[in-house]
Amino acid sequence: MIRRIGAILNNVDLEELRNLLAARGEPGFRAGQVWEWIARGASSYEEMTNLPEELRVALGADLPFSTLAFEHDSLASDGTEKALFMTHDGRPLESVLMRYRDGRRSLCLSSQSGCPLTCKFCATGQMKFGRNLTESEILDQALHFRRREDVNHAVFMGMGEPLLNLDNVLAACERLPDMGISHRHTAISTVGWIPGIERLTVEGPPVALALSLHAADDALRSEIMPVNERYPLQDVLQACVAWHEARNRPVFVEYLMLGGVNDRYEQAVALAAALHPWQAFKVNLIPYNPTDAPYEGSTREAIAAFKAVLEEHGTRATIRLTRGREIDAACGQLATKI
Ligand code: SAH
C-alpha cells in the first residue's frame with residue numbers, strides 16, 4: 001500500500017492548540033473560536049476569518065492541521081463509506097459513515113487502533129493491538145466526514161473497546177454536539193467491561209449504552225468472548241441494570257447470530273429468561289458478517305425464528321440491517337492488514 005501521510009488534513013491536536021495559544025499570550029476564547037470553525041467543517045486556518053491574520057499564519061506554520069492522515073476510502077453501493085487513517089506513529093484505524101434514506105448519517109467511530117480483546121468472531125480482535133486513540137484522533141474521524149456533509153448520529157462500534165479508553169471517548173463525546181451529533185444520538189458499545197459501565201452510571205454525558213452479549217450462558221460466552229472469564233454474564237447484566245436505573249434508558253443488547261452456535265430455540269429461551277425480568281434491555285439481532293473466523297451466519301429463517309421466540313417470551317427484538325458488507329465495512333469486519 002502506498003502511504004500518503006498528511007495527504008488530507010484533519011483536525012488539529014486540541015491540547016497542542018491550547019498550549020500554543022497560551023504560549024503566545026492569546027486570550028482564553030481563541031481555542032473556542034478555532035474549535036467552532038473546525039466543528040462546522042472548516043479545512044484550513046485561512047477560513048477562520050475572526051482570528052487575526054498573524055495568528056492564522058502562525059498556527060499554519062506551527063501546528064499541523066492534522067492528527068490523522070487519511071489513506072483511502074471505499075464506497076459501497078448502499079452508500080456506506082469506509083475510511084482508513086494512520087496516526088502520526090503509523091497506527092491504522094478505520095471509520096464508517098452509513099447513509100440512510102431518512103436522512104440519518106451515522107458514524108461508526110474507532111476508539112483504539114486494533115483491539116486487545118480477542119472475540120473469536122471479530123476481525124478487529126484478530127489484528128495486532130496498537131494503542132488507545134486520543135480525543136483528537138477520535139474527533140478527527142468524525143470531522144473527516146463532517147467536512148463533506150452533515151452528520152447526526154455516532155456509535156462507538158468501530159475498532160477497539162471504548163470502555164478501555166473511556167477518558168478520551170468521553171472527552172470526544174462532549175464535543176460531538178458541536179458538529180451536530182447530540183448525546184441522545186450517540187452510543188457507546190462494550191463487551192461488558194464492568195469498571196467502565198460503572199463509571200458511565202455515575203458520570204459522563206447522557207449517551208446510550210449497547211452491550212455485545214452473543215450468548216446467554218457463561219460457557220458459550222467464554223468460548224467466543226474470552227472477556228467473559230473476567231466479567232461473567234450475571235455481573236455484566238447487573239452493571240447494565242444499574243446503568244439503566246440511573247440513566248432511565250434501555251440498554252441495547254447486540255446479539256450476533258452464529259449458525260449452529262448460538263441460534264437454537266433453547267438459546268433464545270435462555271436469552272429471554274436472562275433479560276426479561278429486568279425490563280432494562282432491548283435486543284438487536286445482528287446478522288454475522290463474514291471474517292476469516294470459522295463461523296457461518298444464521299440463516300434468515302433462523303434469525304426470524306429466534307426473534308419470534310424472544311417475543312413469545314416477552315423480549316422485544318429487532319434485526320439489524322446489514323450495511324457496507326461488500327467493502328468489509330460492516331460490524332466486526334474492520335481490520336487492517338498492516
Ligand atoms: N468492543 C466494543 C465495540 C465494538 S462494536 C463491542 O464489542 O461492543 C462492534 C460490534 O460488532 C459488536 O457488537 C461486535 O460483537 C459486533 N461484531 C463483531 N464481529 C462481527 C461480525 N463478524 N459480524 C457482525 N457483527 C460483529
# chains A, B, ... in the order shown; residues from 1 in each chain; ligands from 1

$ residues_around --residues "region 229-237 of chain A" --least-positions-apart "2" --cutoff "8 Å" --atoms "only C-alpha atoms" --output "list in words"
Gly192, Trp193, Ile194, Ala216, Asp217, Asp218, Arg221, Ser222, Pro226, Val227, Ala239, Cys240 and Val241 of chain A

$ residues_near_ligand --ligand "ligand 1" --cutoff "9 Å" --atoms "only C-alpha atoms and all ligand atoms" --output "MDAnalysis selection string"
chainID A and resid 108 110:111 115 117 119:125 155:163 188:192 210:214 225 253:258 286:293 295 297 322 330:334

$ residues_around --residues "Leu170 (chain A)" --least-positions-apart "3" --cutoff "9 Å" --atoms "only C-alpha atoms" --output "list in words"
Glu135, Asn165, Leu166, Asp167, Cys173, Glu174, Arg175, Gly204 and Pro205 of chain A

$ atom_distance --atom1 "CA of Gly41 (chain A)" --atom2 "CA of Leu143 (chain A)"
6.8 Å

$ select_by_dssp --residues "region 96-229 of chain A" --states "alpha helix (DSSP H)" --output "number ranges by chain"
A: 123-126, 135-146, 166-175, 194-202, 218-224

$ residues_around --residues "Trp35 (chain A)" --least-positions-apart "2" --cutoff "12 Å" --atoms "only C-alpha atoms" --output "number ranges by chain"
A: 11-15, 17-18, 29-33, 37-45, 48, 51, 65, 136, 139-140, 143, 175-176, 178-179

$ write_last_selection --atoms "N, CA, C and O atoms" --output "compact mmCIF listing (two decimals), in the first residue's frame"
# COMPACT_ATOMS: atom_id res chain seq x y z
N ASN A 11 -8.24 17.28 11.85
CA ASN A 11 -8.32 18.22 12.96
C ASN A 11 -6.95 18.49 13.57
O ASN A 11 -6.06 17.66 13.55
N VAL A 12 -6.82 19.64 14.19
CA VAL A 12 -5.61 19.92 14.95
C VAL A 12 -5.66 19.15 16.27
O VAL A 12 -6.71 18.72 16.71
N ASP A 13 -4.51 18.98 16.87
CA ASP A 13 -4.47 18.39 18.20
C ASP A 13 -4.91 19.47 19.18
O ASP A 13 -4.25 20.50 19.34
N LEU A 14 -6.04 19.23 19.85
CA LEU A 14 -6.65 20.30 20.65
C LEU A 14 -5.79 20.70 21.84
O LEU A 14 -5.75 21.87 22.21
N GLU A 15 -5.09 19.72 22.38
CA GLU A 15 -4.26 20.05 23.53
C GLU A 15 -3.08 20.94 23.09
O GLU A 15 -2.78 21.94 23.73
N LEU A 17 -3.06 22.83 20.58
CA LEU A 17 -3.62 24.14 20.23
C LEU A 17 -3.71 25.03 21.47
O LEU A 17 -3.27 26.19 21.46
N ARG A 18 -4.27 24.46 22.55
CA ARG A 18 -4.40 25.24 23.79
C ARG A 18 -3.04 25.71 24.29
O ARG A 18 -2.85 26.87 24.66
N PHE A 29 -10.49 32.88 24.84
CA PHE A 29 -11.57 32.45 23.94
C PHE A 29 -11.08 31.97 22.58
O PHE A 29 -11.83 31.43 21.79
N ARG A 30 -9.79 32.15 22.30
CA ARG A 30 -9.30 31.78 20.95
C ARG A 30 -9.47 30.29 20.64
O ARG A 30 -9.86 29.93 19.53
N ALA A 31 -9.15 29.45 21.63
CA ALA A 31 -9.24 28.00 21.37
C ALA A 31 -10.68 27.65 20.98
O ALA A 31 -10.91 26.86 20.06
N GLY A 32 -11.64 28.28 21.66
CA GLY A 32 -13.04 28.03 21.35
C GLY A 32 -13.39 28.49 19.95
O GLY A 32 -14.13 27.81 19.22
N GLN A 33 -12.83 29.62 19.54
CA GLN A 33 -13.10 30.11 18.18
C GLN A 33 -12.59 29.12 17.13
O GLN A 33 -13.27 28.81 16.17
N TRP A 37 -14.87 26.71 14.30
CA TRP A 37 -14.66 26.60 12.85
C TRP A 37 -14.48 25.14 12.44
O TRP A 37 -15.06 24.68 11.46
N ILE A 38 -13.65 24.46 13.22
CA ILE A 38 -13.36 23.06 12.88
C ILE A 38 -14.63 22.22 12.94
O ILE A 38 -14.94 21.45 12.03
N ALA A 39 -15.40 22.41 14.03
CA ALA A 39 -16.61 21.60 14.21
C ALA A 39 -17.62 21.86 13.11
O ALA A 39 -18.42 21.00 12.76
N ARG A 40 -17.58 23.07 12.53
CA ARG A 40 -18.51 23.37 11.44
C ARG A 40 -17.96 22.97 10.08
O ARG A 40 -18.53 23.27 9.05
N GLY A 41 -16.80 22.32 10.07
CA GLY A 41 -16.33 21.72 8.83
C GLY A 41 -15.24 22.49 8.11
O GLY A 41 -14.95 22.21 6.95
N ALA A 42 -14.60 23.47 8.78
CA ALA A 42 -13.51 24.20 8.11
C ALA A 42 -12.36 23.25 7.80
O ALA A 42 -12.17 22.25 8.50
N SER A 43 -11.60 23.55 6.76
CA SER A 43 -10.47 22.67 6.47
C SER A 43 -9.13 23.41 6.42
O SER A 43 -8.14 22.83 6.00
N SER A 44 -9.10 24.67 6.85
CA SER A 44 -7.81 25.35 6.98
C SER A 44 -7.95 26.52 7.94
O SER A 44 -9.06 27.00 8.18
N TYR A 45 -6.81 26.97 8.47
CA TYR A 45 -6.84 28.14 9.35
C TYR A 45 -7.25 29.38 8.58
O TYR A 45 -7.82 30.32 9.13
N MET A 48 -10.63 30.87 8.95
CA MET A 48 -11.09 31.32 10.28
C MET A 48 -10.99 32.84 10.38
O MET A 48 -10.12 33.40 11.05
N LEU A 51 -10.15 35.26 13.36
CA LEU A 51 -8.84 35.25 14.01
C LEU A 51 -7.95 36.28 13.32
O LEU A 51 -8.03 36.44 12.10
N PHE A 65 -2.49 20.87 10.79
CA PHE A 65 -3.95 20.84 10.84
C PHE A 65 -4.42 19.39 10.79
O PHE A 65 -5.35 19.03 10.10
N SER A 136 -8.46 13.82 20.15
CA SER A 136 -8.43 14.44 18.82
C SER A 136 -8.46 13.39 17.72
O SER A 136 -9.08 13.59 16.67
N LEU A 139 -12.03 12.45 17.36
CA LEU A 139 -12.82 13.51 16.72
C LEU A 139 -12.46 13.67 15.24
O LEU A 139 -13.31 13.96 14.41
N ASP A 140 -11.19 13.46 14.93
CA ASP A 140 -10.76 13.59 13.53
C ASP A 140 -11.50 12.66 12.60
O ASP A 140 -11.74 12.98 11.44
N LEU A 143 -14.71 14.35 11.95
CA LEU A 143 -14.54 15.59 11.18
C LEU A 143 -14.22 15.30 9.72
O LEU A 143 -14.58 16.09 8.84
N ARG A 175 -17.73 16.76 22.77
CA ARG A 175 -17.59 17.71 21.65
C ARG A 175 -18.44 17.35 20.43
O ARG A 175 -18.59 18.17 19.52
N LEU A 176 -18.97 16.14 20.39
CA LEU A 176 -19.74 15.75 19.21
C LEU A 176 -20.95 16.66 18.95
O LEU A 176 -21.26 16.95 17.78
N ASP A 178 -21.19 19.73 19.08
CA ASP A 178 -20.76 20.92 18.31
C ASP A 178 -20.79 20.66 16.81
O ASP A 178 -20.87 21.58 16.02
N MET A 179 -20.66 19.40 16.43
CA MET A 179 -20.71 19.13 14.98
C MET A 179 -22.02 18.50 14.56
O MET A 179 -22.13 17.93 13.46

$ residues_around --residues "Glu312 (chain A)" --least-positions-apart "3" --cutoff "12 Å" --atoms "only C-alpha atoms" --output "short mmCIF file (atom, residue, chain, number, x, y, z; two decimals) with N, CA, C and O atoms, in the first residue's frame"
data_model
loop_
_atom_site.label_atom_id
_atom_site.label_comp_id
_atom_site.auth_asym_id
_atom_site.auth_seq_id
_atom_site.Cartn_x
_atom_site.Cartn_y
_atom_site.Cartn_z
N TYR A 265 -33.35 -22.83 19.47
CA TYR A 265 -34.58 -22.47 20.20
C TYR A 265 -34.30 -22.24 21.69
O TYR A 265 -34.64 -21.21 22.26
N ALA A 268 -32.61 -19.06 22.58
CA ALA A 268 -33.49 -17.87 22.57
C ALA A 268 -34.27 -17.82 23.88
O ALA A 268 -34.42 -16.74 24.49
N VAL A 269 -34.74 -18.97 24.34
CA VAL A 269 -35.48 -19.02 25.60
C VAL A 269 -34.58 -18.56 26.74
O VAL A 269 -34.98 -17.76 27.60
N ALA A 272 -34.05 -14.76 26.62
CA ALA A 272 -35.23 -14.05 27.15
C ALA A 272 -35.29 -14.19 28.67
O ALA A 272 -35.57 -13.21 29.38
N ALA A 273 -34.97 -15.38 29.17
CA ALA A 273 -35.04 -15.59 30.63
C ALA A 273 -34.01 -14.73 31.35
O ALA A 273 -34.27 -14.23 32.45
N HIS A 276 -35.43 -10.68 30.38
CA HIS A 276 -36.80 -10.20 30.57
C HIS A 276 -37.09 -9.67 31.97
O HIS A 276 -37.70 -8.59 32.12
N ALA A 305 -36.90 -16.86 13.32
CA ALA A 305 -37.45 -17.78 14.33
C ALA A 305 -36.96 -17.40 15.72
O ALA A 305 -37.71 -17.42 16.70
N PHE A 306 -35.69 -17.03 15.82
CA PHE A 306 -35.10 -16.64 17.10
C PHE A 306 -35.82 -15.41 17.66
O PHE A 306 -36.18 -15.35 18.84
N LYS A 307 -36.07 -14.48 16.76
CA LYS A 307 -36.77 -13.25 17.16
C LYS A 307 -38.17 -13.60 17.68
O LYS A 307 -38.61 -13.06 18.71
N ALA A 308 -38.84 -14.51 16.96
CA ALA A 308 -40.21 -14.87 17.37
C ALA A 308 -40.21 -15.50 18.76
O ALA A 308 -41.08 -15.19 19.59
N VAL A 309 -39.22 -16.35 19.05
CA VAL A 309 -39.16 -16.99 20.37
C VAL A 309 -38.92 -15.93 21.46
O VAL A 309 -39.56 -15.95 22.52
N THR A 315 -39.65 -10.55 25.24
CA THR A 315 -38.48 -9.71 24.98
C THR A 315 -38.53 -9.21 23.54
O THR A 315 -38.42 -9.99 22.60
N ARG A 316 -38.73 -7.93 23.39
CA ARG A 316 -38.81 -7.38 22.03
C ARG A 316 -37.45 -7.35 21.37
O ARG A 316 -36.44 -7.12 22.02
N ALA A 317 -37.44 -7.61 20.07
CA ALA A 317 -36.15 -7.65 19.37
C ALA A 317 -36.29 -7.07 17.98
O ALA A 317 -37.36 -7.14 17.36
#

$ closest_residue --among "A:Ala274, A:Met98, A:Leu109, A:Val169" --to "Glu149 (chain A)" --atoms "only C-alpha atoms"
A:Met98

$ residues_around --residues "Gln279 (chain A)" --least-positions-apart "4" --cutoff "10 Å" --atoms "only C-alpha atoms" --output "ChimeraX atom specification"
/A:241,244,250-251,275,314-315

$ write_last_selection --atoms "N, CA, C and O atoms" --output "PDB file, in the first residue's frame"
ATOM      1  N   VAL A 241     -27.980  -3.125  34.467  1.00  0.00           N
ATOM      2  CA  VAL A 241     -29.245  -2.779  35.111  1.00  0.00           C
ATOM      3  C   VAL A 241     -29.054  -1.531  35.974  1.00  0.00           C
ATOM      4  O   VAL A 241     -29.895  -0.616  35.975  1.00  0.00           O
ATOM      5  N   HIS A 244     -29.049   1.362  33.725  1.00  0.00           N
ATOM      6  CA  HIS A 244     -30.427   1.624  33.284  1.00  0.00           C
ATOM      7  C   HIS A 244     -31.208   2.381  34.359  1.00  0.00           C
ATOM      8  O   HIS A 244     -31.939   3.328  34.066  1.00  0.00           O
ATOM      9  N   PRO A 250     -33.100   2.336  28.009  1.00  0.00           N
ATOM     10  CA  PRO A 250     -32.826   0.909  27.816  1.00  0.00           C
ATOM     11  C   PRO A 250     -31.369   0.668  27.416  1.00  0.00           C
ATOM     12  O   PRO A 250     -30.732   1.545  26.829  1.00  0.00           O
ATOM     13  N   VAL A 251     -30.858  -0.498  27.761  1.00  0.00           N
ATOM     14  CA  VAL A 251     -29.549  -0.929  27.270  1.00  0.00           C
ATOM     15  C   VAL A 251     -29.812  -1.767  26.015  1.00  0.00           C
ATOM     16  O   VAL A 251     -30.643  -2.678  26.038  1.00  0.00           O
ATOM     17  N   LEU A 275     -32.831 -11.818  30.314  1.00  0.00           N
ATOM     18  CA  LEU A 275     -33.044 -10.372  30.165  1.00  0.00           C
ATOM     19  C   LEU A 275     -34.397  -9.891  30.654  1.00  0.00           C
ATOM     20  O   LEU A 275     -34.511  -8.802  31.236  1.00  0.00           O
ATOM     21  N   GLY A 314     -41.640 -12.429  25.819  1.00  0.00           N
ATOM     22  CA  GLY A 314     -41.758 -11.075  26.373  1.00  0.00           C
ATOM     23  C   GLY A 314     -40.588 -10.148  26.103  1.00  0.00           C
ATOM     24  O   GLY A 314     -40.516  -9.061  26.677  1.00  0.00           O
ATOM     25  N   THR A 315     -39.648 -10.554  25.242  1.00  0.00           N
ATOM     26  CA  THR A 315     -38.484  -9.705  24.980  1.00  0.00           C
ATOM     27  C   THR A 315     -38.533  -9.213  23.544  1.00  0.00           C
ATOM     28  O   THR A 315     -38.417  -9.992  22.602  1.00  0.00           O
TER      29      THR A 315
END

$ closest_residue --among "A:Ala246, A:Ala83, A:Val261, A:Met127" --to "Pro294 (chain A)" --atoms "only C-alpha atoms"
A:Val261

$ closest_residue --among "A:Gln112, A:Gln267, A:Ser298, A:Asn132" --to "Ser95 (chain A)" --atoms "only C-alpha atoms"
A:Gln112

$ atom_distance --atom1 "CA of Leu310 (chain A)" --atom2 "CA of Ile197 (chain A)"
25.2 Å

$ residues_around --residues "Pro116 (chain A)" --least-positions-apart "2" --cutoff "7 Å" --atoms "only C-alpha atoms" --output "PyMOL selection string"
chain A and resi 114+118+125+129

$ select_by_dssp --residues "region 92-203 of chain A" --states "strand (DSSP E or B)" --output "list in words"
Pro92, Leu93, Glu94, Ser95, Val96, Leu97, Met98, Arg99, Arg105, Ser106, Leu107, Cys108, Gln112, Asn132, His153, Ala154, Val155, Phe156, Thr186, Ala187, Ile188, Ser189 and Thr190 of chain A
